[in-house]
>>> print(open('work.pdb').read())   # PDB, C-alpha atoms
ATOM      1  CA  MET A 223     -20.473  -7.172  -6.530  1.00  0.00           C
ATOM      2  CA  THR A 224     -18.746  -7.310  -3.150  1.00  0.00           C
ATOM      3  CA  ALA A 225     -15.120  -8.067  -2.401  1.00  0.00           C
ATOM      4  CA  LEU A 226     -12.878  -8.323   0.618  1.00  0.00           C
ATOM      5  CA  HIS A 227     -10.362  -5.519   1.130  1.00  0.00           C
ATOM      6  CA  VAL A 228      -7.410  -5.176   3.483  1.00  0.00           C
ATOM      7  CA  VAL A 229      -7.534  -1.856   5.338  1.00  0.00           C
ATOM      8  CA  PHE A 230      -4.321  -0.189   6.474  1.00  0.00           C
ATOM      9  CA  ALA A 231      -3.207   3.238   7.646  1.00  0.00           C
ATOM     10  CA  VAL A 232      -0.410   5.570   6.670  1.00  0.00           C
ATOM     11  CA  ASP A 233      -0.149   8.764   8.725  1.00  0.00           C
ATOM     12  CA  GLU A 234      -3.661   8.235  10.185  1.00  0.00           C
ATOM     13  CA  VAL A 235      -5.245   8.078   6.693  1.00  0.00           C
ATOM     14  CA  GLU A 236      -6.984   4.804   5.870  1.00  0.00           C
ATOM     15  CA  TYR A 237      -6.367   2.997   2.602  1.00  0.00           C
ATOM     16  CA  ALA A 238      -7.588  -0.289   1.176  1.00  0.00           C
ATOM     17  CA  LEU A 239      -6.385  -2.932  -1.233  1.00  0.00           C
ATOM     18  CA  PRO A 240      -8.362  -5.811  -2.707  1.00  0.00           C
ATOM     19  CA  ALA A 241      -7.616  -8.851  -0.559  1.00  0.00           C
ATOM     20  CA  ALA A 242      -7.035 -10.806  -3.772  1.00  0.00           C
ATOM     21  CA  GLU A 243      -3.805  -8.791  -4.267  1.00  0.00           C
ATOM     22  CA  VAL A 244      -2.533  -9.408  -0.719  1.00  0.00           C
ATOM     23  CA  LEU A 245      -0.463 -12.540  -0.131  1.00  0.00           C
ATOM     24  CA  HIS A 246       0.192 -11.984   3.581  1.00  0.00           C
ATOM     25  CA  MET A 247       1.260  -9.413   6.176  1.00  0.00           C
ATOM     26  CA  GLU A 248       4.396  -9.361   8.278  1.00  0.00           C
ATOM     27  CA  ALA A 249       5.566  -7.422  11.305  1.00  0.00           C
ATOM     28  CA  PHE A 250       8.316  -5.031  10.214  1.00  0.00           C
ATOM     29  CA  SER A 251      11.682  -5.360  11.912  1.00  0.00           C
ATOM     30  CA  GLY A 252      13.743  -3.514   9.347  1.00  0.00           C
ATOM     31  CA  ALA A 253      14.930  -3.952   5.785  1.00  0.00           C
ATOM     32  CA  THR A 254      18.290  -4.340   4.111  1.00  0.00           C
ATOM     33  CA  ARG A 255      19.014  -1.032   2.370  1.00  0.00           C
ATOM     34  CA  VAL A 256      19.700  -1.067  -1.341  1.00  0.00           C
ATOM     35  CA  PRO A 257      22.457   1.303  -2.527  1.00  0.00           C
ATOM     36  CA  GLY A 258      21.195   3.828  -5.045  1.00  0.00           C
ATOM     37  CA  ALA A 259      17.541   2.886  -4.582  1.00  0.00           C
ATOM     38  CA  ALA A 260      14.812   5.519  -4.784  1.00  0.00           C
ATOM     39  CA  PRO A 261      14.046   7.222  -1.457  1.00  0.00           C
ATOM     40  CA  TRP A 262      10.734   5.368  -1.173  1.00  0.00           C
ATOM     41  CA  VAL A 263      12.366   1.929  -1.378  1.00  0.00           C
ATOM     42  CA  ALA A 264      12.937   0.945   2.255  1.00  0.00           C
ATOM     43  CA  GLY A 265      15.083  -1.985   1.148  1.00  0.00           C
ATOM     44  CA  MET A 266      14.580  -5.728   0.910  1.00  0.00           C
ATOM     45  CA  ILE A 267      13.251  -8.302   3.327  1.00  0.00           C
ATOM     46  CA  GLN A 268      13.259 -12.067   3.278  1.00  0.00           C
ATOM     47  CA  THR A 269       9.844 -13.568   3.844  1.00  0.00           C
ATOM     48  CA  ARG A 270       8.746 -17.142   3.285  1.00  0.00           C
ATOM     49  CA  ARG A 271      12.005 -17.972   1.477  1.00  0.00           C
ATOM     50  CA  GLN A 272      11.596 -15.088  -0.945  1.00  0.00           C
ATOM     51  CA  VAL A 273      13.483 -11.791  -1.178  1.00  0.00           C
ATOM     52  CA  VAL A 274      10.948  -8.980  -1.514  1.00  0.00           C
ATOM     53  CA  PRO A 275      11.566  -5.258  -2.155  1.00  0.00           C
ATOM     54  CA  VAL A 276       9.683  -2.996   0.273  1.00  0.00           C
ATOM     55  CA  VAL A 277       8.085   0.304  -0.738  1.00  0.00           C
ATOM     56  CA  ASP A 278       7.826   2.730   2.195  1.00  0.00           C
ATOM     57  CA  LEU A 279       4.368   4.214   1.655  1.00  0.00           C
ATOM     58  CA  ARG A 280       5.169   7.259   3.825  1.00  0.00           C
ATOM     59  CA  ALA A 281       8.099   8.140   1.579  1.00  0.00           C
ATOM     60  CA  ARG A 282       6.186   7.222  -1.591  1.00  0.00           C
ATOM     61  CA  PHE A 283       3.367   9.578  -0.596  1.00  0.00           C
ATOM     62  CA  GLY A 284       5.786  12.413   0.313  1.00  0.00           C
ATOM     63  CA  LEU A 285       5.168  12.164   4.064  1.00  0.00           C
ATOM     64  CA  PRO A 286       7.772  12.552   6.816  1.00  0.00           C
ATOM     65  CA  PRO A 287       9.329   9.373   8.188  1.00  0.00           C
ATOM     66  CA  ALA A 288       8.060   7.833  11.425  1.00  0.00           C
ATOM     67  CA  ALA A 289       9.632   5.356  13.796  1.00  0.00           C
ATOM     68  CA  SER A 290       8.479   1.764  13.454  1.00  0.00           C
ATOM     69  CA  THR A 291       6.148   0.488  16.158  1.00  0.00           C
ATOM     70  CA  LEU A 292       4.705  -2.884  17.079  1.00  0.00           C
ATOM     71  CA  ASP A 293       1.838  -2.058  14.690  1.00  0.00           C
ATOM     72  CA  THR A 294       4.057  -1.353  11.650  1.00  0.00           C
ATOM     73  CA  ARG A 295       3.326  -3.897   8.934  1.00  0.00           C
ATOM     74  CA  VAL A 296       4.641  -4.990   5.579  1.00  0.00           C
ATOM     75  CA  ILE A 297       1.732  -5.916   3.337  1.00  0.00           C
ATOM     76  CA  VAL A 298       3.098  -8.341   0.768  1.00  0.00           C
ATOM     77  CA  VAL A 299       1.205  -7.941  -2.495  1.00  0.00           C
ATOM     78  CA  ARG A 300       1.241  -9.605  -5.861  1.00  0.00           C
ATOM     79  CA  VAL A 301       0.919  -7.304  -8.846  1.00  0.00           C
ATOM     80  CA  GLY A 302       1.123  -9.165 -12.129  1.00  0.00           C
ATOM     81  CA  GLU A 303       4.290 -11.239 -11.922  1.00  0.00           C
ATOM     82  CA  ARG A 304       5.838  -9.110  -9.156  1.00  0.00           C
ATOM     83  CA  THR A 305       5.795  -9.600  -5.400  1.00  0.00           C
ATOM     84  CA  VAL A 306       6.419  -6.417  -3.408  1.00  0.00           C
ATOM     85  CA  GLY A 307       6.002  -5.347   0.219  1.00  0.00           C
ATOM     86  CA  LEU A 308       4.176  -2.149   1.155  1.00  0.00           C
ATOM     87  CA  LEU A 309       5.276  -0.623   4.453  1.00  0.00           C
ATOM     88  CA  ALA A 310       2.289   0.769   6.401  1.00  0.00           C
ATOM     89  CA  ASP A 311       1.901   2.259   9.869  1.00  0.00           C
ATOM     90  CA  ARG A 312      -0.708  -0.356  10.768  1.00  0.00           C
ATOM     91  CA  ALA A 313      -2.882  -3.003   9.133  1.00  0.00           C
ATOM     92  CA  ARG A 314      -5.280  -5.204  11.056  1.00  0.00           C
ATOM     93  CA  GLU A 315      -8.626  -5.120   9.352  1.00  0.00           C
ATOM     94  CA  VAL A 316     -10.376  -6.842   6.486  1.00  0.00           C
ATOM     95  CA  LEU A 317     -13.676  -5.506   5.280  1.00  0.00           C
ATOM     96  CA  THR A 318     -16.207  -6.234   2.592  1.00  0.00           C
ATOM     97  CA  LEU A 319     -16.905  -3.401   0.172  1.00  0.00           C
ATOM     98  CA  SER A 320     -19.550  -3.420  -2.521  1.00  0.00           C
ATOM     99  CA  ASP A 321     -19.423  -1.606  -5.842  1.00  0.00           C
ATOM    100  CA  ASP A 322     -22.063   0.885  -4.689  1.00  0.00           C
ATOM    101  CA  GLN A 323     -19.710   2.032  -1.905  1.00  0.00           C
ATOM    102  CA  LEU A 324     -17.031   3.010  -4.434  1.00  0.00           C
ATOM    103  CA  GLU A 325     -16.763   6.211  -6.416  1.00  0.00           C
ATOM    104  CA  ALA A 326     -14.147   7.989  -8.465  1.00  0.00           C
ATOM    105  CA  PRO A 327     -11.948  10.338  -6.450  1.00  0.00           C
ATOM    106  CA  PRO A 328     -12.602  14.060  -6.832  1.00  0.00           C
ATOM    107  CA  GLU A 329     -10.331  15.625  -9.461  1.00  0.00           C
ATOM    108  CA  VAL A 330      -8.263  17.537  -6.883  1.00  0.00           C
ATOM    109  CA  VAL A 331      -7.608  14.263  -5.014  1.00  0.00           C
ATOM    110  CA  ALA A 332      -6.781  12.355  -8.187  1.00  0.00           C
ATOM    111  CA  ARG A 333      -4.297  15.020  -9.292  1.00  0.00           C
ATOM    112  CA  GLY A 334      -2.762  15.573  -5.862  1.00  0.00           C
ATOM    113  CA  ALA A 335      -2.328  11.861  -5.208  1.00  0.00           C
ATOM    114  CA  ALA A 336      -0.212  11.347  -8.343  1.00  0.00           C
ATOM    115  CA  GLY A 337      -2.620   8.713  -9.621  1.00  0.00           C
ATOM    116  CA  PHE A 338      -2.090   6.477  -6.584  1.00  0.00           C
ATOM    117  CA  VAL A 339      -5.788   6.687  -5.540  1.00  0.00           C
ATOM    118  CA  ARG A 340      -8.045   4.644  -7.829  1.00  0.00           C
ATOM    119  CA  SER A 341     -11.324   5.234  -5.969  1.00  0.00           C
ATOM    120  CA  ILE A 342     -12.874   6.315  -2.685  1.00  0.00           C
ATOM    121  CA  ALA A 343     -14.942   3.926  -0.578  1.00  0.00           C
ATOM    122  CA  ARG A 344     -17.610   4.950   1.904  1.00  0.00           C
ATOM    123  CA  ALA A 345     -17.655   2.493   4.799  1.00  0.00           C
ATOM    124  CA  ASP A 346     -20.187   3.774   7.317  1.00  0.00           C
ATOM    125  CA  ARG A 347     -18.703   7.093   8.479  1.00  0.00           C
ATOM    126  CA  ARG A 348     -15.233   6.292   7.179  1.00  0.00           C
ATOM    127  CA  LEU A 349     -13.696   7.220   3.863  1.00  0.00           C
ATOM    128  CA  LEU A 350     -11.113   4.795   2.542  1.00  0.00           C
ATOM    129  CA  MET A 351      -8.828   5.423  -0.404  1.00  0.00           C
ATOM    130  CA  LEU A 352      -8.397   2.418  -2.668  1.00  0.00           C
ATOM    131  CA  LEU A 353      -4.910   2.384  -4.063  1.00  0.00           C
ATOM    132  CA  ASP A 354      -3.876   1.641  -7.597  1.00  0.00           C
ATOM    133  CA  THR A 355      -1.344  -0.935  -6.476  1.00  0.00           C
ATOM    134  CA  ALA A 356       0.360  -1.214  -9.853  1.00  0.00           C
ATOM    135  CA  ARG A 357       0.924   2.554  -9.898  1.00  0.00           C
ATOM    136  CA  VAL A 358       2.236   2.636  -6.306  1.00  0.00           C
ATOM    137  CA  VAL A 359       4.547  -0.317  -6.912  1.00  0.00           C
ATOM    138  CA  GLY A 360       5.537   0.613 -10.500  1.00  0.00           C
ATOM    139  CA  GLU A 361       8.752  -0.488 -12.156  1.00  0.00           C
ATOM    140  CA  GLU A 362      10.559   2.518 -10.682  1.00  0.00           C
ATOM    141  CA  ALA A 363      10.102   1.113  -7.170  1.00  0.00           C
ATOM    142  CA  LEU A 364      11.802  -2.087  -8.213  1.00  0.00           C
ATOM    143  CA  ARG A 365      14.618  -0.541 -10.235  1.00  0.00           C
ATOM    144  CA  GLY A 366      15.167   2.333  -7.826  1.00  0.00           C
ATOM    145  CA  GLU A 367      14.668   5.052 -10.426  1.00  0.00           C
ATOM    146  CA  GLU A 368      11.953   7.308 -11.819  1.00  0.00           C
ATOM    147  CA  ARG A 369      10.295   6.335 -15.072  1.00  0.00           C
TER
END
>>> encode(input="work.pdb", output="structure tokens")
Amino acid sequence: MTALHVVFAVDEVEYALPAAEVLHMEAFSGATRVPGAAPWVAGMIQTRRQVVPVVDLRARFGLPPAASTLDTRVIVVRVGERTVGLLADRAREVLTLSDDQLEAPPEVVARGAAGFVRSIARADRRLLMLLDTARVVGEEALRGEER
């Protein structure tokens, strides 16, 4: 089976999400901070008449912060009943991946990535990490606390 995936980058590493989970993408011009929120919650934005919490993927992955650029994007995703934004360094590509391009991540990657990486995709000479969106977004990102 083949499916469309949205490709984005965080700290020059490429990730992918099933396009079926992505509602839309927005340029990032800042977020309203939330007092007491977890360090990886960038804040909230208003998009299409909806208030959406934004998870800073750099912070969530334990990476140093970086200044926003014209390429910085919020990828608005739907996970179950929740709508959440994922802050990425850039996102401009959609690609079709088939099941035979996907494989389980090596154990050291799976452990080191705190369960965020669901599988690895081989796209020509590129390796893309498919995120477990539910795990990245988790209830703790919405409540601002660890589970």
>>> residues_around(input="work.pdb", residues="A:Gly284", least_positions_apart="3", cutoff="10 Å", atoms="all atoms listed in the file", output="list in words")
Pro261, Trp262, Leu279, Arg280, Ala281, Pro287 and Ala335 of chain A
>>> residues_around(input="work.pdb", residues="A:Ala253", least_positions_apart="6", cutoff="9 Å", atoms="all atoms listed in the file", output="PyMOL selection string")
chain A and resi 264-268+275-276
>>> residues_around(input="work.pdb", residues="stretch 226-241 of chain A", least_positions_apart="6", cutoff="7 Å", atoms="all atoms listed in the file", output="compact mmCIF listing (two decimals) with C-alpha atoms, in the frame of the given file")
# COMPACT_ATOMS: atom_id res chain seq x y z
CA ARG A 280 5.17 7.26 3.82
CA ALA A 310 2.29 0.77 6.40
CA ASP A 311 1.90 2.26 9.87
CA ARG A 312 -0.71 -0.36 10.77
CA ALA A 313 -2.88 -3.00 9.13
CA ARG A 314 -5.28 -5.20 11.06
CA GLU A 315 -8.63 -5.12 9.35
CA VAL A 316 -10.38 -6.84 6.49
CA LEU A 317 -13.68 -5.51 5.28
CA THR A 318 -16.21 -6.23 2.59
CA LEU A 319 -16.90 -3.40 0.17
CA LEU A 350 -11.11 4.80 2.54
CA MET A 351 -8.83 5.42 -0.40
CA LEU A 352 -8.40 2.42 -2.67
CA LEU A 353 -4.91 2.38 -4.06
>>> atom_distance(input="work.pdb", atom1="atom CA of A:Ala356", atom2="atom CA of A:Pro328")
20.3 Å
>>> closest_residue(input="work.pdb", among="A:Val263, A:Leu324, A:Val298, A:Val277", to="A:Ala242", atoms="all atoms listed in the file")
A:Val298
>>> atom_distance(input="work.pdb", atom1="atom CA of A:Arg270", atom2="atom CA of A:Arg255")
19.1 Å
>>> residues_around(input="work.pdb", residues="A:Asp346", least_positions_apart="3", cutoff="10 Å", atoms="only C-alpha atoms", output="compact mmCIF listing (two decimals) with C-alpha atoms, keeping the file's coordinate frame")
# COMPACT_ATOMS: atom_id res chain seq x y z
CA GLN A 323 -19.71 2.03 -1.90
CA ALA A 343 -14.94 3.93 -0.58
CA LEU A 349 -13.70 7.22 3.86
>>> atom_distance(input="work.pdb", atom1="atom CA of A:Arg344", atom2="atom CA of A:Ile297")
22.2 Å
>>> closest_residue(input="work.pdb", among="A:Glu303, A:Ser341, A:Pro286, A:Leu309", to="A:Asp321", atoms="only C-alpha atoms")
A:Ser341
>>> resolve_selection(input="work.pdb", expression="the PyMOL selection byres ((chain A and resi 245) around 6)", output="PyMOL selection string")
chain A and resi 244+246+298-299
>>> resolve_selection(input="work.pdb", expression="the PyMOL selection byres ((chain A and resi 296) around 6)", output="ChimeraX atom specification")
/A:247-248,250,295,297,307-309
>>> closest_residue(input="work.pdb", among="A:Ala249, A:Ala345, A:Val301, A:Val330", to="A:Val359", atoms="only C-alpha atoms")
A:Val301
>>> closest_residue(input="work.pdb", among="A:Ser251, A:Ser320, A:Thr305, A:Gln272", to="A:Ala289", atoms="all atoms listed in the file")
A:Ser251
>>> axis_aligned_box(input="work.pdb", around="stretch 328-332 of chain A", padding_each_side="8 Å", output="JSON")
{"center_x": -9.7, "center_y": 14.9, "center_z": -7.2, "size_x": 21.8, "size_y": 21.2, "size_z": 20.4}
>>> closest_residue(input="work.pdb", among="A:Val274, A:Ile342, A:Ala326, A:Thr269", to="A:Arg304", atoms="all atoms listed in the file")
A:Val274
>>> residues_around(input="work.pdb", residues="A:Phe338", least_positions_apart="5", cutoff="8 Å", atoms="only C-alpha atoms", output="ChimeraX atom specification")
/A:332,353-355,357-358
